[in-house]
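> Following this line is my_file.txt, made up of compact mmCIF, N, CA and C atoms:
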# COMPACT_ATOMS: atom_id res chain seq x y z
N MET A 1 0.82 -1.20 0.00
CA MET A 1 0.00 0.00 0.00
C MET A 1 0.86 1.26 0.00
N GLY A 2 2.09 1.16 0.54
CA GLY A 2 2.97 2.32 0.59
C GLY A 2 3.37 2.80 -0.79
N ILE A 3 3.55 1.89 -1.73
CA ILE A 3 3.92 2.26 -3.10
C ILE A 3 2.79 3.03 -3.76
N ILE A 4 1.56 2.58 -3.54
CA ILE A 4 0.40 3.25 -4.14
C ILE A 4 0.28 4.67 -3.60
N TRP A 5 0.46 4.84 -2.28
CA TRP A 5 0.41 6.18 -1.71
C TRP A 5 1.53 7.05 -2.24
N ALA A 6 2.72 6.49 -2.41
CA ALA A 6 3.85 7.26 -2.96
C ALA A 6 3.54 7.74 -4.37
N ILE A 7 2.90 6.89 -5.17
CA ILE A 7 2.55 7.28 -6.54
C ILE A 7 1.48 8.37 -6.52
N ILE A 8 0.47 8.21 -5.68
CA ILE A 8 -0.61 9.21 -5.62
C ILE A 8 -0.08 10.55 -5.12
N ILE A 9 0.66 10.53 -4.02
CA ILE A 9 1.22 11.78 -3.48
C ILE A 9 2.23 12.37 -4.45
N GLY A 10 3.03 11.53 -5.10
CA GLY A 10 4.00 12.01 -6.09
C GLY A 10 3.31 12.70 -7.26
N PHE A 11 2.21 12.12 -7.74
CA PHE A 11 1.48 12.74 -8.84
C PHE A 11 0.90 14.08 -8.42
N LEU A 12 0.30 14.14 -7.24
CA LEU A 12 -0.28 15.40 -6.77
C LEU A 12 0.81 16.45 -6.52
N ALA A 13 1.93 16.05 -5.94
CA ALA A 13 3.03 16.99 -5.73
C ALA A 13 3.59 17.48 -7.06
N GLY A 14 3.70 16.59 -8.05
CA GLY A 14 4.16 16.99 -9.37
C GLY A 14 3.22 17.96 -10.04
N LEU A 15 1.91 17.73 -9.90
CA LEU A 15 0.91 18.66 -10.47
C LEU A 15 1.03 20.04 -9.85
N VAL A 16 1.11 20.09 -8.53
CA VAL A 16 1.20 21.38 -7.84
C VAL A 16 2.49 22.09 -8.22
N ALA A 17 3.59 21.35 -8.29
CA ALA A 17 4.88 21.96 -8.66
C ALA A 17 4.84 22.52 -10.07
N LYS A 18 4.23 21.78 -11.01
CA LYS A 18 4.13 22.28 -12.38
C LYS A 18 3.23 23.50 -12.45
N TRP A 19 2.21 23.55 -11.61
CA TRP A 19 1.30 24.69 -11.60
C TRP A 19 1.98 25.92 -11.03
N ILE A 20 2.84 25.75 -10.02
CA ILE A 20 3.50 26.87 -9.36
C ILE A 20 4.67 27.39 -10.18
N THR A 21 5.44 26.50 -10.80
CA THR A 21 6.66 26.88 -11.50
C THR A 21 6.34 27.37 -12.91
N PRO A 22 6.74 28.60 -13.24
CA PRO A 22 6.49 29.10 -14.60
C PRO A 22 7.48 28.52 -15.59
N GLY A 23 7.13 28.57 -16.85
CA GLY A 23 8.03 28.12 -17.90
C GLY A 23 7.43 27.03 -18.75
N SER A 24 7.95 26.89 -19.94
CA SER A 24 7.43 25.89 -20.87
C SER A 24 8.35 24.68 -20.98
N ASN A 25 9.50 24.69 -20.33
CA ASN A 25 10.45 23.57 -20.41
C ASN A 25 10.20 22.57 -19.30
N GLU A 26 8.97 22.16 -19.15
CA GLU A 26 8.65 21.21 -18.10
C GLU A 26 8.23 19.88 -18.70
N PRO A 27 8.42 18.81 -17.95
CA PRO A 27 8.01 17.50 -18.46
C PRO A 27 6.49 17.41 -18.60
N ARG A 28 6.03 16.72 -19.61
CA ARG A 28 4.60 16.62 -19.86
C ARG A 28 4.17 15.16 -19.76
N GLY A 29 2.92 14.97 -19.41
CA GLY A 29 2.36 13.63 -19.34
C GLY A 29 2.20 13.13 -17.92
N PHE A 30 1.33 12.15 -17.78
CA PHE A 30 0.99 11.59 -16.48
C PHE A 30 2.20 10.93 -15.82
N ILE A 31 2.93 10.13 -16.58
CA ILE A 31 4.04 9.38 -16.00
C ILE A 31 5.18 10.32 -15.59
N LEU A 32 5.53 11.28 -16.44
CA LEU A 32 6.60 12.21 -16.08
C LEU A 32 6.21 13.10 -14.90
N THR A 33 4.94 13.49 -14.83
CA THR A 33 4.49 14.28 -13.69
C THR A 33 4.59 13.47 -12.40
N THR A 34 4.22 12.20 -12.45
CA THR A 34 4.30 11.34 -11.29
C THR A 34 5.76 11.12 -10.88
N ILE A 35 6.62 10.87 -11.85
CA ILE A 35 8.04 10.68 -11.55
C ILE A 35 8.63 11.95 -10.96
N LEU A 36 8.24 13.10 -11.50
CA LEU A 36 8.70 14.38 -10.97
C LEU A 36 8.35 14.52 -9.49
N GLY A 37 7.11 14.21 -9.14
CA GLY A 37 6.68 14.32 -7.75
C GLY A 37 7.38 13.32 -6.85
N ILE A 38 7.56 12.08 -7.32
CA ILE A 38 8.23 11.06 -6.50
C ILE A 38 9.69 11.43 -6.28
N VAL A 39 10.36 11.86 -7.34
CA VAL A 39 11.76 12.27 -7.20
C VAL A 39 11.87 13.50 -6.30
N GLY A 40 10.92 14.42 -6.41
CA GLY A 40 10.90 15.58 -5.52
C GLY A 40 10.72 15.18 -4.07
N SER A 41 9.89 14.19 -3.82
CA SER A 41 9.69 13.71 -2.46
C SER A 41 10.94 13.04 -1.92
N VAL A 42 11.60 12.25 -2.76
CA VAL A 42 12.84 11.60 -2.34
C VAL A 42 13.91 12.66 -2.05
N LEU A 43 14.00 13.67 -2.91
CA LEU A 43 14.96 14.75 -2.70
C LEU A 43 14.66 15.49 -1.40
N ALA A 44 13.40 15.81 -1.16
CA ALA A 44 13.03 16.52 0.06
C ALA A 44 13.32 15.67 1.30
N THR A 45 13.06 14.37 1.23
CA THR A 45 13.35 13.49 2.36
C THR A 45 14.85 13.44 2.62
N TRP A 46 15.64 13.28 1.56
CA TRP A 46 17.09 13.21 1.72
C TRP A 46 17.65 14.52 2.29
N LEU A 47 17.21 15.66 1.73
CA LEU A 47 17.70 16.95 2.24
C LEU A 47 17.28 17.16 3.70
N GLY A 48 16.04 16.80 4.03
CA GLY A 48 15.57 16.94 5.40
C GLY A 48 16.34 16.08 6.37
N GLN A 49 16.72 14.88 5.96
CA GLN A 49 17.51 14.01 6.82
C GLN A 49 18.94 14.53 6.97
N GLN A 50 19.50 15.10 5.90
CA GLN A 50 20.85 15.66 5.99
C GLN A 50 20.90 16.88 6.89
N ILE A 51 19.85 17.69 6.84
CA ILE A 51 19.79 18.90 7.67
C ILE A 51 19.47 18.55 9.12
N GLY A 52 18.78 17.44 9.33
CA GLY A 52 18.41 17.03 10.68
C GLY A 52 16.95 17.26 11.01
N TRP A 53 16.14 17.60 10.01
CA TRP A 53 14.71 17.82 10.24
C TRP A 53 13.95 16.51 10.37
N TYR A 54 14.40 15.47 9.70
CA TYR A 54 13.74 14.17 9.71
C TYR A 54 14.69 13.12 10.26
N GLY A 55 14.11 12.12 10.92
CA GLY A 55 14.88 11.00 11.42
C GLY A 55 15.13 10.00 10.30
N PRO A 56 15.83 8.91 10.62
CA PRO A 56 16.16 7.91 9.60
C PRO A 56 14.94 7.26 8.95
N ASN A 57 13.85 7.10 9.67
CA ASN A 57 12.67 6.44 9.12
C ASN A 57 11.54 7.41 8.80
N ASP A 58 11.81 8.70 8.86
CA ASP A 58 10.79 9.71 8.56
C ASP A 58 10.85 10.09 7.09
N GLY A 59 9.70 10.43 6.55
CA GLY A 59 9.62 10.89 5.17
C GLY A 59 9.15 12.33 5.12
N ALA A 60 9.35 12.95 4.00
CA ALA A 60 8.91 14.33 3.81
C ALA A 60 7.39 14.36 3.67
N GLY A 61 6.80 15.45 4.08
CA GLY A 61 5.38 15.64 3.92
C GLY A 61 5.04 16.14 2.53
N PHE A 62 3.77 16.46 2.33
CA PHE A 62 3.31 16.88 1.01
C PHE A 62 3.95 18.20 0.58
N ILE A 63 4.01 19.17 1.49
CA ILE A 63 4.57 20.48 1.12
C ILE A 63 6.05 20.35 0.80
N ALA A 64 6.78 19.57 1.58
CA ALA A 64 8.19 19.37 1.29
C ALA A 64 8.37 18.64 -0.04
N SER A 65 7.46 17.72 -0.35
CA SER A 65 7.52 17.02 -1.64
C SER A 65 7.31 17.98 -2.79
N VAL A 66 6.40 18.93 -2.62
CA VAL A 66 6.16 19.94 -3.66
C VAL A 66 7.41 20.81 -3.82
N VAL A 67 8.02 21.20 -2.72
CA VAL A 67 9.25 22.01 -2.79
C VAL A 67 10.36 21.24 -3.49
N GLY A 68 10.50 19.95 -3.17
CA GLY A 68 11.49 19.12 -3.85
C GLY A 68 11.21 19.01 -5.33
N ALA A 69 9.93 18.87 -5.71
CA ALA A 69 9.57 18.80 -7.12
C ALA A 69 9.84 20.13 -7.83
N ILE A 70 9.64 21.24 -7.14
CA ILE A 70 9.95 22.55 -7.72
C ILE A 70 11.45 22.66 -7.97
N ILE A 71 12.26 22.18 -7.03
CA ILE A 71 13.72 22.20 -7.22
C ILE A 71 14.09 21.38 -8.45
N ILE A 72 13.48 20.20 -8.60
CA ILE A 72 13.74 19.35 -9.77
C ILE A 72 13.32 20.06 -11.05
N LEU A 73 12.17 20.76 -11.03
CA LEU A 73 11.70 21.48 -12.22
C LEU A 73 12.65 22.62 -12.59
N VAL A 74 13.17 23.33 -11.60
CA VAL A 74 14.11 24.42 -11.88
C VAL A 74 15.38 23.86 -12.51
N ILE A 75 15.88 22.74 -11.97
CA ILE A 75 17.07 22.11 -12.55
C ILE A 75 16.77 21.64 -13.96
N TRP A 76 15.59 21.03 -14.17
CA TRP A 76 15.16 20.58 -15.50
C TRP A 76 15.16 21.76 -16.48
N GLY A 77 14.62 22.91 -16.05
CA GLY A 77 14.57 24.10 -16.91
C GLY A 77 15.97 24.62 -17.26
N LEU A 78 16.88 24.57 -16.30
CA LEU A 78 18.24 25.02 -16.57
C LEU A 78 18.95 24.11 -17.56
N VAL A 79 18.77 22.81 -17.41
CA VAL A 79 19.39 21.85 -18.32
C VAL A 79 18.76 21.95 -19.71
N ALA A 80 17.44 22.09 -19.79
CA ALA A 80 16.76 22.17 -21.08
C ALA A 80 17.10 23.46 -21.82
N ARG A 81 17.34 24.52 -21.09
CA ARG A 81 17.67 25.80 -21.71
C ARG A 81 19.05 25.75 -22.35
N ARG A 82 19.98 24.98 -21.79
CA ARG A 82 21.34 24.89 -22.34
C ARG A 82 21.42 24.10 -23.62
N ARG A 83 20.42 23.27 -23.89
CA ARG A 83 20.44 22.43 -25.09
C ARG A 83 20.10 23.20 -26.30
Is it possible to express this structure as structure tokens?


Amino acid sequence: MGIIWAIIIGFLAGLVAKWITPGSNEPRGFILTTILGIVGSVLATWLGQQIGWYGPNDGAGFIASVVGAIIILVIWGLVARRR
């Protein structure tokens, strides 16, 4: 059940991040949006654990997942602009 929740929350976090972040160099489609949100959540969890906000078994919440997805979108835009 944890995988299903990760996919659902990842998709919602990816949607919110795409809605907040301006620009046309963003990934499109259901699968890329879901992957964006999941990777954003993983990034937010890792950063939170490195900073000391989360313990070893704690995960990032929805807002942190959106922030992580926004960071991924900004990096995506920088890489896409250089091409």

> May I ask for the distance between atom CA of Ile51 of chain A and atom CA of Ile38 of chain A, given in Å to one decimal place?

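Atom CA of Ile51 of chain A sits 19.9 Å away from atom CA of Ile38 of chain A.
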
> Rounded to one decimal in Å, what is the spacing between atom N of Leu15 of chain A and atom N of Arg28 of chain A?

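Going from atom N of Leu15 of chain A over to atom N of Arg28 of chain A covers 10.6 Å.
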
> Quick one, how far is atom CA of Ile3 of chain A from atom C of Ile63 of chain A?

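Between these atoms lies a distance of 18.6 Å.
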
> Per DSSP on the backbone, what are the helix (DSSP H, G or I) residues of chain A, as number ranges by chain?

A: 2-20, 30-51, 62-82

> Write out as a list in words each polymer residue whose atoms come within 10 Å of Leu73 of chain A, counting only C-alpha atoms; drop sequence neighbours fewer than 3 positions from it.

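So, after excluding close chain neighbours, the residues are Gly14, Ala17, Lys18, Thr21, Pro22, Gly23, Asn25, Glu26, Pro27, Leu36, Gly37, Gly40, Val67, Gly68, Ala69, Ile70, Trp76, Gly77, Leu78 and Val79 of chain A.
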